[in-house]
Every structure is written in C-alpha cells, then in structure tokens.
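Next comes my_file37.txt, a file with compact mmCIF, C-alpha atoms.
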# COMPACT_ATOMS: atom_id res chain seq x y z
CA MET P 28 86.07 114.52 64.22
CA THR P 29 84.03 112.67 61.59
CA GLU P 30 83.39 114.71 58.47
CA GLN P 31 79.72 114.97 57.52
CA VAL P 32 79.07 113.77 53.98
CA ARG P 33 75.84 114.97 52.43
CA ALA P 34 74.44 112.99 49.51
CA PHE P 35 72.09 114.59 47.01
CA PRO P 36 69.60 112.69 44.81
CA LEU P 37 70.98 112.31 41.33
CA ASP P 38 67.94 113.94 39.75
CA ALA P 39 67.15 116.50 42.49
CA ALA P 40 67.96 119.85 40.86
CA VAL P 41 70.08 119.15 37.84
CA ARG P 42 69.33 116.56 35.21
CA LEU P 43 72.56 114.90 34.26
CA PRO P 44 73.02 113.26 30.90
CA GLN P 45 72.47 109.54 31.03
CA SER P 46 76.12 108.92 30.25
CA SER P 47 77.22 111.12 33.17
CA ARG P 48 75.10 109.44 35.85
CA MET P 49 77.06 107.32 38.35
CA PRO P 50 75.47 103.96 39.10
CA VAL P 51 73.97 103.94 42.61
CA ALA P 52 76.20 101.08 43.79
CA ARG P 53 79.34 102.96 42.73
CA LEU P 54 78.11 106.15 44.39
CA ALA P 55 77.42 104.34 47.67
CA GLY P 56 80.86 102.79 47.57
CA ALA P 57 82.47 106.18 47.02
CA LEU P 58 80.61 107.71 49.98
CA ILE P 59 81.66 104.84 52.26
CA LEU P 60 85.27 105.27 51.14
CA VAL P 61 85.18 108.98 51.99
CA VAL P 62 83.82 108.33 55.50
CA VAL P 63 86.36 105.58 56.20
CA CYS P 64 89.24 107.74 55.06
CA VAL P 65 88.14 110.63 57.27
CA THR P 66 87.59 108.57 60.43
CA ALA P 67 90.60 106.23 60.18
CA PRO P 68 93.36 107.00 62.74
CA ALA P 69 96.41 108.83 61.49
CA ALA P 70 99.49 106.83 60.74
CA GLY P 71 101.95 106.72 63.63
CA SER P 72 99.32 107.24 66.36
CA ARG P 73 99.97 105.60 69.75
CA ARG P 74 99.10 101.92 69.83
CA GLN P 75 96.49 100.95 72.39
CA GLY P 76 96.80 98.14 74.92
CA GLY P 77 100.59 97.79 75.09
CA PRO P 78 102.70 98.30 78.23
CA ILE P 79 103.42 101.92 79.11
CA LEU P 80 107.12 102.71 79.44
CA LEU P 81 108.05 104.25 82.77
CA VAL P 82 110.49 107.13 82.36
CA GLN P 83 112.53 107.96 85.44
CA ALA P 84 112.38 111.48 86.88
CA THR P 85 108.86 112.02 85.51
CA GLN P 86 105.45 112.03 87.19
CA VAL P 87 102.67 109.51 86.59
CA GLY P 88 99.26 110.84 87.64
CA GLN P 89 98.02 114.05 89.20
CA ARG P 90 99.93 115.58 92.09
CA MET P 91 98.07 115.42 95.41
CA PHE P 92 100.67 114.62 98.07
CA GLU P 93 103.73 116.52 99.19
CA PRO P 94 107.11 114.91 98.45
CA GLY P 95 108.75 112.75 101.09
CA ASP P 96 107.49 111.20 104.29
CA THR P 97 104.89 112.78 106.55
CA PRO P 98 105.76 113.64 110.17
CA LYS P 99 104.15 110.31 111.14
CA GLY P 100 106.46 108.40 108.83
CA GLY P 101 110.15 107.74 108.58
CA ASN P 102 112.30 110.58 109.81
CA GLY P 103 115.43 108.59 110.51
CA GLN P 104 114.10 106.25 113.20
CA PRO P 105 113.54 102.53 112.47
CA VAL P 106 110.09 101.79 111.03
CA ASP P 107 108.78 98.20 111.17
CA GLY P 108 112.36 97.04 111.68
CA ILE P 109 113.51 98.92 108.56
CA GLU P 110 116.32 101.39 109.09
CA GLY P 111 116.88 104.81 107.62
CA SER P 112 120.48 104.02 106.78
CA SER P 113 123.19 106.48 105.87
CA ARG P 114 123.71 104.65 102.58
CA GLU P 115 121.86 102.35 100.19
CA MET P 116 121.90 98.63 100.94
CA LEU P 117 122.22 96.67 97.72
CA LYS P 118 122.52 93.01 98.63
CA VAL P 119 118.94 92.70 97.36
CA HIS P 120 117.89 95.32 94.83
CA VAL P 121 114.52 94.94 93.09
CA HIS P 122 111.72 97.25 92.00
CA ALA P 123 107.94 97.14 92.26
CA HIS P 124 105.36 99.62 91.00
CA LEU P 125 102.37 101.23 92.70
CA SER P 126 99.46 102.90 90.89
CA LEU P 127 96.84 104.80 92.88
CA PHE P 128 93.42 105.87 91.59
CA ASN P 129 90.82 108.00 93.35
CA LYS P 130 87.36 107.96 91.76
CA GLY P 131 88.87 106.89 88.46
CA GLN P 132 91.63 109.54 88.41
CA GLN P 133 95.25 108.48 88.74
CA ILE P 134 97.14 110.10 91.63
CA ALA P 135 100.93 110.39 91.62
CA ILE P 136 102.99 108.58 94.24
CA PRO P 137 105.37 111.32 95.41
CA TYR P 138 109.12 111.24 95.15
CA GLY P 139 111.27 111.12 98.26
CA ILE P 140 109.24 108.57 100.22
CA GLY P 141 111.72 106.76 102.46
CA ILE P 142 114.46 109.36 101.90
CA VAL P 143 115.09 111.39 105.03
CA LYS P 144 114.82 115.15 104.62
CA PRO P 145 116.50 117.33 103.69
CA PHE P 146 117.11 115.63 100.36
CA GLU P 147 118.42 116.79 97.00
CA VAL P 148 116.06 116.98 94.02
CA ASN P 149 117.52 117.20 90.53
CA ASN P 150 114.99 117.54 87.70
CA GLY P 151 112.39 115.42 89.44
CA PHE P 152 114.82 112.80 90.79
CA VAL P 153 115.83 112.55 94.45
CA GLY P 154 119.34 111.42 95.22
CA MET P 155 120.53 110.99 98.77
CA GLY P 156 119.12 112.65 101.85
CA ARG P 157 120.09 112.60 105.49
CA GLY P 158 119.24 108.90 105.41
CA ILE P 159 117.54 106.37 103.16
CA TYR P 160 115.13 103.58 104.07
CA TRP P 161 115.33 100.21 102.39
CA LEU P 162 111.97 100.98 100.75
CA HIS P 163 111.86 104.33 98.95
CA THR P 164 110.96 106.31 95.83
CA HIS P 165 113.42 108.40 93.83
CA ASP P 166 110.78 109.98 91.58
CA ALA P 167 107.01 110.29 91.10
CA THR P 168 106.60 107.43 88.63
CA GLY P 169 105.31 105.01 91.27
CA ILE P 170 108.47 102.86 91.14
CA ILE P 171 109.26 101.51 94.62
CA HIS P 172 112.92 100.70 95.16
CA VAL P 173 113.59 97.74 97.44
CA GLU P 174 117.24 97.93 98.49
CA SER P 175 117.88 95.59 101.36
CA PRO P 176 120.84 94.20 103.33
CA ASP P 177 119.16 90.77 103.34
CA ALA P 178 116.56 88.68 101.54
CA ARG P 179 113.60 89.37 103.85
CA VAL P 180 110.10 89.89 102.46
CA TYR P 181 108.78 93.45 102.35
CA THR P 182 105.15 94.47 102.06
CA LEU P 183 103.11 97.41 100.85
CA GLY P 184 102.03 98.07 104.44
CA GLN P 185 105.64 98.67 105.46
CA PHE P 186 106.06 101.11 102.56
CA PHE P 187 103.00 103.06 103.73
CA ASP P 188 104.30 103.06 107.31
CA ILE P 189 107.56 104.60 106.13
CA TRP P 190 105.55 107.13 104.09
CA GLY P 191 103.48 107.84 107.20
CA GLN P 192 100.15 107.20 105.49
CA THR P 193 97.17 104.98 106.26
CA LEU P 194 96.49 101.81 104.27
CA THR P 195 93.32 99.83 104.97
CA SER P 196 90.46 98.35 102.97
CA ARG P 197 88.64 101.71 103.32
CA ASP P 198 91.44 104.28 103.41
CA VAL P 199 94.50 104.88 101.25
CA ALA P 200 96.61 107.83 102.36
CA GLY P 201 93.51 109.69 103.52
CA LEU P 202 91.45 108.86 100.41
CA GLN P 203 88.41 107.12 101.79
CA GLY P 204 86.03 104.66 100.17
CA ALA P 205 85.92 101.04 99.12
CA VAL P 206 89.44 100.01 98.11
CA HIS P 207 89.89 97.63 95.19
CA ALA P 208 93.37 96.14 94.94
CA PHE P 209 94.99 94.47 91.95
CA VAL P 210 98.31 92.64 91.75
CA ASP P 211 99.76 92.15 88.28
CA GLY P 212 96.36 92.98 86.85
CA LYS P 213 94.43 90.42 88.92
CA PRO P 214 91.98 91.30 91.71
CA TYR P 215 93.44 90.93 95.19
CA SER P 216 90.93 90.25 97.97
CA GLY P 217 93.25 90.12 100.97
CA ASN P 218 94.55 92.85 103.26
CA PRO P 219 96.30 95.38 101.01
CA ARG P 220 98.97 95.84 103.66
CA ALA P 221 100.07 92.25 103.07
CA ILE P 222 100.84 92.67 99.35
CA VAL P 223 104.44 91.61 98.80
CA LEU P 224 106.83 93.98 97.03
CA GLY P 225 108.42 91.51 94.63
CA ALA P 226 110.58 92.09 91.58
CA HIS P 227 108.49 93.96 88.98
CA THR P 228 105.27 93.39 90.94
CA GLN P 229 102.65 95.82 89.63
CA ILE P 230 100.18 96.93 92.30
CA THR P 231 97.07 99.03 91.67
CA LEU P 232 94.90 100.52 94.43
CA GLU P 233 91.58 102.07 93.42
CA VAL P 234 89.52 104.07 95.90
CA GLY P 235 85.84 104.45 95.04
CA GLY P 236 84.47 104.25 91.52
CA PRO P 237 84.49 104.02 88.66
CA ILE P 238 86.87 101.08 88.60
CA VAL P 239 89.34 101.41 85.74
CA THR P 240 91.43 98.72 84.08
CA PRO P 241 94.75 98.49 85.97
CA PRO P 242 97.53 99.98 83.83
CA VAL P 243 100.40 97.79 82.68
CA TYR P 244 103.86 99.33 82.74
CA ARG P 245 107.27 98.47 81.34
CA PHE P 246 110.13 99.20 83.69
CA PRO P 247 113.04 101.32 82.47
CA GLU P 248 116.07 99.52 81.14
CA GLY P 249 118.26 98.36 84.00
CA LEU P 250 115.55 98.37 86.69
As structure tokens, please, write out the structure in this file.
Amino acid sequence: MTEQVRAFPLDAAVRLPQSSRMPVARLAGALILVVVCVTAPAAGSRRQGGPILLVQATQVGQRMFEPGDTPKGGNGQPVDGIEGSSREMLKVHVHAHLSLFNKGQQIAIPYGIGIVKPFEVNNGFVGMGRGIYWLHTHDATGIIHVESPDARVYTLGQFFDIWGQTLTSRDVAGLQGAVHAFVDGKPYSGNPRAIVLGAHTQITLEVGGPIVTPPVYRFPEGL
C-alpha cells in the first residue's frame, strides 16, 4: 500500500525563520524520495517473468477433477493401442507439461491419470497401481510422463482418451467454450488432439476468456 504524504505550505500556519525554510526544490525532492521508498518492492521479493519451478508431489492450480481415470478411460484395457502394463516401460522416458485454464483460472491436472486403480498415494505422489499406461501422471503438477517400450509418437488426444475425458476445439474435460491452445508459448491453431507430447513440451489449453499469458515452467532436476 502506498503511504499518503501530505505537504503543507511553508507559510500556512507557522512562520518559520528565514534560515529554517527549506528551499522548494529540496522539499519536492524529499517528498519524492519518501514516496519512492514506500512504494519500492521489498528486497528478496519473487522475481517476475522467470520460469516457475515444478515441485513434484504438489498441485498446480485449483482442484476440479477427481484423481485417476474416469470410467470411460483406461481401466486396464488397451486405449488407442496403449497398454495398461503391469510395469513401467522405460525404453523411451520423457516428460511434457499440460496447463489448463477455465475462464482465466488455472485448473489442476489430477494425479493418477493412466495409473489403474486401486493405486497408492503417498503425500500427493502416486506410485504403482494395478497397472500403468505409457502416458500417465504421478502428481497434480501437470507433468505428463511418457514411458514407452518404443519410439512411437504420442499425442495429447491419446492422453485424454486414457483419462477418459473429451478434448475438442470447444470442450476440454467437460469445460465448454472456445479453446485456445498454446505449445511452448506459441498459439497453436490445429486440432488440440494432435499436439505431440515431446520432451519438455509445454502445452497450455485455455477455455473461454480472459486469455492469460501461458505460464513457463522449469522441470524438476532429473526429469
């Protein structure tokens, strides 16, 4: 909050001796200095504009969806040719990130997508379940784990199919409105289902307005 500084005329109520009067220029400078000192940000405040570090086992955005896949999603059966394997496949192991906004508010991508229930949750992090799809989330940070037995290309549409949620240009997981997609901060005009889940690809889906600047994240060490 900016402190209000009230200036009084030098000769308003009290006549100061000539030698005690502060020159007007010096007085103006002093008032400006006071205002600047009050409104300047405190030392050590968070820098603006830099990448935001993703911390595993935390949640990014407001909770809206239940953890794990819906009944329409992956429950152990193959989905789009992707298996719910009994173990992780690590021949190809990369990570992408998905941010979702609804009317300007960020919504958390739930943990446990692509991990077959029942699964174990330990302090916000899902380990193994009854099975695990090659596309999955271990936490609610929006990090998508791509763990594949081969070097095939995976897409955001396949991830949503495993989740059991809709993804179109007018509907994202039941959130309806005009969908604006961004890939690595740049507008994407194609079918959002076709967005490729590459290494450290940062995807933002915004439903309705206002449109916010896509966030930029820094992946945790080792991912």
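Residues in contact range of stretch 241-243 of chain P, defined as at most 7 Å between all atoms listed in the file, with sequence neighbours fewer than 4 positions away removed, read Pro78, Ile79, Gly212 and Thr231 of chain P.
Shortest separation to P:Gly111 among P:Gly158, P:Gly139, P:Pro219, P:Gly151 occurs at residue P:Gly158, atoms counted being only C-alpha atoms.
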Q) Can you tell me, as a VMD selection string, what residues are no more than 12 Å from P:Ile170 when counting all atoms listed in the file, ignoring any on the same chain fewer than 3 positions away? A) chain P and resid 80 to 87 121 to 127 135 to 140 152 162 to 167 173 186 224 to 230 244 to 247 250
Residues just named, written with C-alpha atoms as a compact mmCIF listing (two decimals), keeping the file's coordinate frame:
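Output (again_9.txt):
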# COMPACT_ATOMS: atom_id res chain seq x y z
CA LEU P 80 107.12 102.71 79.44
CA LEU P 81 108.05 104.25 82.77
CA VAL P 82 110.49 107.13 82.36
CA GLN P 83 112.53 107.96 85.44
CA ALA P 84 112.38 111.48 86.88
CA THR P 85 108.86 112.02 85.51
CA GLN P 86 105.45 112.03 87.19
CA VAL P 87 102.67 109.51 86.59
CA VAL P 121 114.52 94.94 93.09
CA HIS P 122 111.72 97.25 92.00
CA ALA P 123 107.94 97.14 92.26
CA HIS P 124 105.36 99.62 91.00
CA LEU P 125 102.37 101.23 92.70
CA SER P 126 99.46 102.90 90.89
CA LEU P 127 96.84 104.80 92.88
CA ALA P 135 100.93 110.39 91.62
CA ILE P 136 102.99 108.58 94.24
CA PRO P 137 105.37 111.32 95.41
CA TYR P 138 109.12 111.24 95.15
CA GLY P 139 111.27 111.12 98.26
CA ILE P 140 109.24 108.57 100.22
CA PHE P 152 114.82 112.80 90.79
CA LEU P 162 111.97 100.98 100.75
CA HIS P 163 111.86 104.33 98.95
CA THR P 164 110.96 106.31 95.83
CA HIS P 165 113.42 108.40 93.83
CA ASP P 166 110.78 109.98 91.58
CA ALA P 167 107.01 110.29 91.10
CA VAL P 173 113.59 97.74 97.44
CA PHE P 186 106.06 101.11 102.56
CA LEU P 224 106.83 93.98 97.03
CA GLY P 225 108.42 91.51 94.63
CA ALA P 226 110.58 92.09 91.58
CA HIS P 227 108.49 93.96 88.98
CA THR P 228 105.27 93.39 90.94
CA GLN P 229 102.65 95.82 89.63
CA ILE P 230 100.18 96.93 92.30
CA TYR P 244 103.86 99.33 82.74
CA ARG P 245 107.27 98.47 81.34
CA PHE P 246 110.13 99.20 83.69
CA PRO P 247 113.04 101.32 82.47
CA LEU P 250 115.55 98.37 86.69
Q | Residue list as an MDAnalysis selection string for point (89.0, 99.8, 89.4), cut-off 9 Å, all atoms listed in the file | A | chainID P and resid 128 130:131 206:209 231:241
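When all atoms listed in the file are used to measure the gap to P:Arg179, the shortest distance among P:Val119, P:Val143, P:Ile134, P:Val210 belongs to P:Val119.
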(Q) Ranking P:Gln185, P:Asn129, P:Thr168, P:Asn149 by minimum distance to P:Val223 and counting all atoms listed in the file, which one comes first? (A) P:Gln185
Centre and size of axis-aligned box enclosing stretch 134-141 of chain P plus 8 Å each side, as AutoDock Vina command-line options:
--center_x 104.4 --center_y 109.0 --center_z 97.0 --size_x 30.6 --size_y 20.6 --size_z 26.8
Once you count all atoms listed in the file, what closest atom pair and distance in Å to one decimal does each residue of stretch 76-108 of chain P within 9 Å of stretch 187-193 of chain P have, with rows by chain and rising residue number, as CSV?
residue,atom,partner,partner_atom,distance
P:Gly95,CA,P:Trp190,CA,7.1
P:Asp96,CA,P:Trp190,CA,4.5
P:Thr97,CA,P:Gly191,CA,5.2
P:Pro98,CA,P:Gly191,CA,6.9
P:Lys99,CA,P:Gly191,CA,4.7
P:Gly100,CA,P:Gly191,CA,3.4
P:Gly101,CA,P:Ile189,CA,4.8
P:Asn102,CA,P:Ile189,CA,8.5
P:Pro105,CA,P:Ile189,CA,9.0
P:Val106,CA,P:Ile189,CA,6.2
P:Asp107,CA,P:Asp188,CA,7.7
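One distance worth recording is that between atom CA of P:Pro176 and atom CA of P:Lys118, which is 5.1 Å.
The space separating atom CA of P:Ile159 from atom CA of P:Ile142 comes to 4.5 Å.
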(Q) Residues near P:Arg157, anyone? I mean within 8 Å using all atoms listed in the file, not counting same-chain ones fewer than 6 positions away, as a PyMOL selection string. (A) chain P and resi 103+113+142-146
Output C-alpha atoms for every residue in that selection, as an mmCIF file, keeping the file's coordinate frame.
data_model
loop_
_atom_site.group_PDB
_atom_site.id
_atom_site.type_symbol
_atom_site.label_atom_id
_atom_site.label_comp_id
_atom_site.auth_asym_id
_atom_site.auth_seq_id
_atom_site.Cartn_x
_atom_site.Cartn_y
_atom_site.Cartn_z
ATOM 1 C CA GLY P 103 115.430 108.590 110.510
ATOM 2 C CA SER P 113 123.190 106.480 105.870
ATOM 3 C CA ILE P 142 114.460 109.360 101.900
ATOM 4 C CA VAL P 143 115.090 111.390 105.030
ATOM 5 C CA LYS P 144 114.820 115.150 104.620
ATOM 6 C CA PRO P 145 116.500 117.330 103.690
ATOM 7 C CA PHE P 146 117.110 115.630 100.360
#
